[in-house]
Amino acid sequence: MGALEGKKAVIIGGTSGIGLSAAQAFLIESAEVIIASRSQSKLQEAKRTLGETVKTFEIDFRSEEKTKAVFEEIGAIDHLVVTAGEGTMGHFSELKIEDVKEAFDSKYWG
C-alpha cells in the first residue's frame, strides 16, 4: 500500500524521460496511472515498461476537442503531470489554449 493509493495521476508525455520516471514513481506509491502521447508505438513501449495496469491514451493535445473528449473519458483526476511541450507557460490553471497549442506546434513537436 502506497501513499497515493486510490488517487489517479495523468502524465502527458509519460512515454519517456521525466514523464516515464514520474509514471514509475506514481506506480510505486500505488496510484492509478494514465499516460498520454501522440505516438501509439511509444505508448505501447512505455506500457511494456510500466506494466499492464497503466492506462494509455493516444492523443494530439493540439486539438482542443480531442483533449476535452479524453479528459471526459478519464474523469476526475488527482494529479496532472505535463512533461511534453516547450518553454515555461506559467501555472496550469492560468494557461491559455493558444499558448498550449503553440508549445505543441513547436519545432520540437510539430
# chains A, B, ... in the order shown; residues from 1 in each chain; ligands from 1
>>> residues_around(residues="Leu20 in chain A", least_positions_apart="4", cutoff="12 Å", atoms="only C-alpha atoms", output="VMD selection string")
chain A and resid 10 to 16 24 to 27 33 to 37 42 to 43 45 to 51 54 81 to 84
>>> select_by_dssp(residues="chain A", states="strand (DSSP E or B)", output="list in words")
Lys8, Ala9, Val10, Ile11, Ile12, Glu32, Val33, Ile34, Ile35, Ala36, Ser37, Lys55, Thr56, Phe57, Glu58, His79, Leu80, Val81 and Val82 of chain A
>>> write_last_selection(atoms="N, CA and C atoms", output="PDB file, in the first residue's frame")
ATOM      1  N   LYS A   8      -5.645   9.138  -8.741  1.00  0.00           N
ATOM      2  CA  LYS A   8      -5.470   8.977 -10.184  1.00  0.00           C
ATOM      3  C   LYS A   8      -4.520  10.050 -10.696  1.00  0.00           C
ATOM      4  N   ALA A   9      -3.474   9.601 -11.424  1.00  0.00           N
ATOM      5  CA  ALA A   9      -2.482  10.513 -11.987  1.00  0.00           C
ATOM      6  C   ALA A   9      -2.469  10.396 -13.501  1.00  0.00           C
ATOM      7  N   VAL A  10      -2.491  11.534 -14.177  1.00  0.00           N
ATOM      8  CA  VAL A  10      -2.377  11.591 -15.633  1.00  0.00           C
ATOM      9  C   VAL A  10      -1.043  12.243 -15.961  1.00  0.00           C
ATOM     10  N   ILE A  11      -0.265  11.559 -16.800  1.00  0.00           N
ATOM     11  CA  ILE A  11       1.025  12.091 -17.218  1.00  0.00           C
ATOM     12  C   ILE A  11       0.997  12.287 -18.726  1.00  0.00           C
ATOM     13  N   ILE A  12       1.028  13.544 -19.146  1.00  0.00           N
ATOM     14  CA  ILE A  12       1.086  13.887 -20.561  1.00  0.00           C
ATOM     15  C   ILE A  12       2.568  13.917 -20.933  1.00  0.00           C
ATOM     16  N   GLU A  32      -3.310   5.093  -9.490  1.00  0.00           N
ATOM     17  CA  GLU A  32      -3.774   4.682 -10.810  1.00  0.00           C
ATOM     18  C   GLU A  32      -3.081   5.613 -11.804  1.00  0.00           C
ATOM     19  N   VAL A  33      -2.384   5.044 -12.778  1.00  0.00           N
ATOM     20  CA  VAL A  33      -1.570   5.843 -13.688  1.00  0.00           C
ATOM     21  C   VAL A  33      -2.113   5.771 -15.105  1.00  0.00           C
ATOM     22  N   ILE A  34      -2.229   6.959 -15.706  1.00  0.00           N
ATOM     23  CA  ILE A  34      -2.667   7.104 -17.091  1.00  0.00           C
ATOM     24  C   ILE A  34      -1.607   7.934 -17.800  1.00  0.00           C
ATOM     25  N   ILE A  35      -1.095   7.405 -18.923  1.00  0.00           N
ATOM     26  CA  ILE A  35      -0.132   8.171 -19.702  1.00  0.00           C
ATOM     27  C   ILE A  35      -0.750   8.516 -21.051  1.00  0.00           C
ATOM     28  N   ALA A  36      -0.359   9.656 -21.588  1.00  0.00           N
ATOM     29  CA  ALA A  36      -0.901  10.125 -22.859  1.00  0.00           C
ATOM     30  C   ALA A  36       0.233  10.614 -23.743  1.00  0.00           C
ATOM     31  N   SER A  37       0.097  10.333 -25.037  1.00  0.00           N
ATOM     32  CA  SER A  37       1.113  10.721 -26.004  1.00  0.00           C
ATOM     33  C   SER A  37       0.497  10.709 -27.399  1.00  0.00           C
ATOM     34  N   LYS A  55      -2.959   2.746 -17.894  1.00  0.00           N
ATOM     35  CA  LYS A  55      -3.869   3.049 -18.998  1.00  0.00           C
ATOM     36  C   LYS A  55      -3.179   4.035 -19.933  1.00  0.00           C
ATOM     37  N   THR A  56      -3.458   3.890 -21.223  1.00  0.00           N
ATOM     38  CA  THR A  56      -2.825   4.770 -22.202  1.00  0.00           C
ATOM     39  C   THR A  56      -3.871   5.425 -23.085  1.00  0.00           C
ATOM     40  N   PHE A  57      -3.545   6.636 -23.519  1.00  0.00           N
ATOM     41  CA  PHE A  57      -4.395   7.370 -24.454  1.00  0.00           C
ATOM     42  C   PHE A  57      -3.513   7.988 -25.521  1.00  0.00           C
ATOM     43  N   GLU A  58      -3.805   7.654 -26.767  1.00  0.00           N
ATOM     44  CA  GLU A  58      -3.131   8.307 -27.882  1.00  0.00           C
ATOM     45  C   GLU A  58      -3.941   9.548 -28.219  1.00  0.00           C
ATOM     46  N   HIS A  79      -3.920  14.128  -9.853  1.00  0.00           N
ATOM     47  CA  HIS A  79      -2.608  14.682 -10.199  1.00  0.00           C
ATOM     48  C   HIS A  79      -2.476  14.772 -11.708  1.00  0.00           C
ATOM     49  N   LEU A  80      -1.906  15.864 -12.187  1.00  0.00           N
ATOM     50  CA  LEU A  80      -1.629  16.047 -13.602  1.00  0.00           C
ATOM     51  C   LEU A  80      -0.174  16.447 -13.747  1.00  0.00           C
ATOM     52  N   VAL A  81       0.562  15.695 -14.566  1.00  0.00           N
ATOM     53  CA  VAL A  81       1.966  15.995 -14.846  1.00  0.00           C
ATOM     54  C   VAL A  81       2.078  16.217 -16.344  1.00  0.00           C
ATOM     55  N   VAL A  82       2.639  17.351 -16.733  1.00  0.00           N
ATOM     56  CA  VAL A  82       2.811  17.664 -18.147  1.00  0.00           C
ATOM     57  C   VAL A  82       4.311  17.782 -18.415  1.00  0.00           C
TER      58      VAL A  82
END
>>> select_by_dssp(residues="chain A", states="helix (DSSP H, G or I)", output="PyMOL selection string")
chain A and resi 17-28+40-50+64-74+92-94+97-104
>>> atom_distance(atom1="CA of Ala31 in chain A", atom2="CA of Gly19 in chain A")
14.8 Å
>>> atom_distance(atom1="CA of Met1 in chain A", atom2="CA of Asp78 in chain A")
17.4 Å
>>> closest_residue(among="A:Ile77, A:Ala23, A:Ile97, A:Ile28", to="Lys7 in chain A", atoms="only C-alpha atoms")
A:Ile77
>>> residues_around(residues="Ser30 in chain A", least_positions_apart="3", cutoff="6 Å", atoms="only C-alpha atoms", output="list in words")
Gly2, Leu4, Glu5 and Leu27 of chain A
>>> atom_distance(atom1="CA of Ala3 in chain A", atom2="CA of Glu73 in chain A")
25.1 Å
>>> decode(residues="range 55-71 of chain A", atoms="N, CA and C atoms", output="compact mmCIF listing (two decimals), in the first residue's frame")
# COMPACT_ATOMS: atom_id res chain seq x y z
N LYS A 55 -2.96 2.75 -17.89
CA LYS A 55 -3.87 3.05 -19.00
C LYS A 55 -3.18 4.03 -19.93
N THR A 56 -3.46 3.89 -21.22
CA THR A 56 -2.82 4.77 -22.20
C THR A 56 -3.87 5.43 -23.09
N PHE A 57 -3.54 6.64 -23.52
CA PHE A 57 -4.40 7.37 -24.45
C PHE A 57 -3.51 7.99 -25.52
N GLU A 58 -3.81 7.65 -26.77
CA GLU A 58 -3.13 8.31 -27.88
C GLU A 58 -3.94 9.55 -28.22
N ILE A 59 -3.29 10.68 -28.16
CA ILE A 59 -4.00 11.93 -28.43
C ILE A 59 -3.03 13.01 -28.86
N ASP A 60 -3.51 13.85 -29.74
CA ASP A 60 -2.76 15.04 -30.14
C ASP A 60 -3.36 16.20 -29.36
N PHE A 61 -2.62 16.67 -28.38
CA PHE A 61 -3.15 17.70 -27.48
C PHE A 61 -3.28 19.06 -28.15
N ARG A 62 -2.91 19.15 -29.42
CA ARG A 62 -3.15 20.41 -30.14
C ARG A 62 -4.61 20.56 -30.50
N SER A 63 -5.38 19.47 -30.42
CA SER A 63 -6.80 19.52 -30.71
C SER A 63 -7.59 19.67 -29.41
N GLU A 64 -8.18 20.83 -29.25
CA GLU A 64 -8.94 21.11 -28.04
C GLU A 64 -10.11 20.13 -27.87
N GLU A 65 -10.79 19.83 -28.97
CA GLU A 65 -11.94 18.93 -28.90
C GLU A 65 -11.53 17.53 -28.46
N LYS A 66 -10.45 17.00 -29.04
CA LYS A 66 -9.97 15.66 -28.68
C LYS A 66 -9.47 15.62 -27.24
N THR A 67 -8.83 16.70 -26.82
CA THR A 67 -8.34 16.76 -25.45
C THR A 67 -9.49 16.73 -24.46
N LYS A 68 -10.52 17.52 -24.73
CA LYS A 68 -11.70 17.52 -23.87
C LYS A 68 -12.33 16.13 -23.82
N ALA A 69 -12.42 15.47 -24.96
CA ALA A 69 -13.03 14.14 -25.01
C ALA A 69 -12.23 13.14 -24.17
N VAL A 70 -10.92 13.20 -24.25
CA VAL A 70 -10.08 12.29 -23.47
C VAL A 70 -10.28 12.53 -21.98
N PHE A 71 -10.25 13.79 -21.57
CA PHE A 71 -10.40 14.07 -20.14
C PHE A 71 -11.80 13.77 -19.64
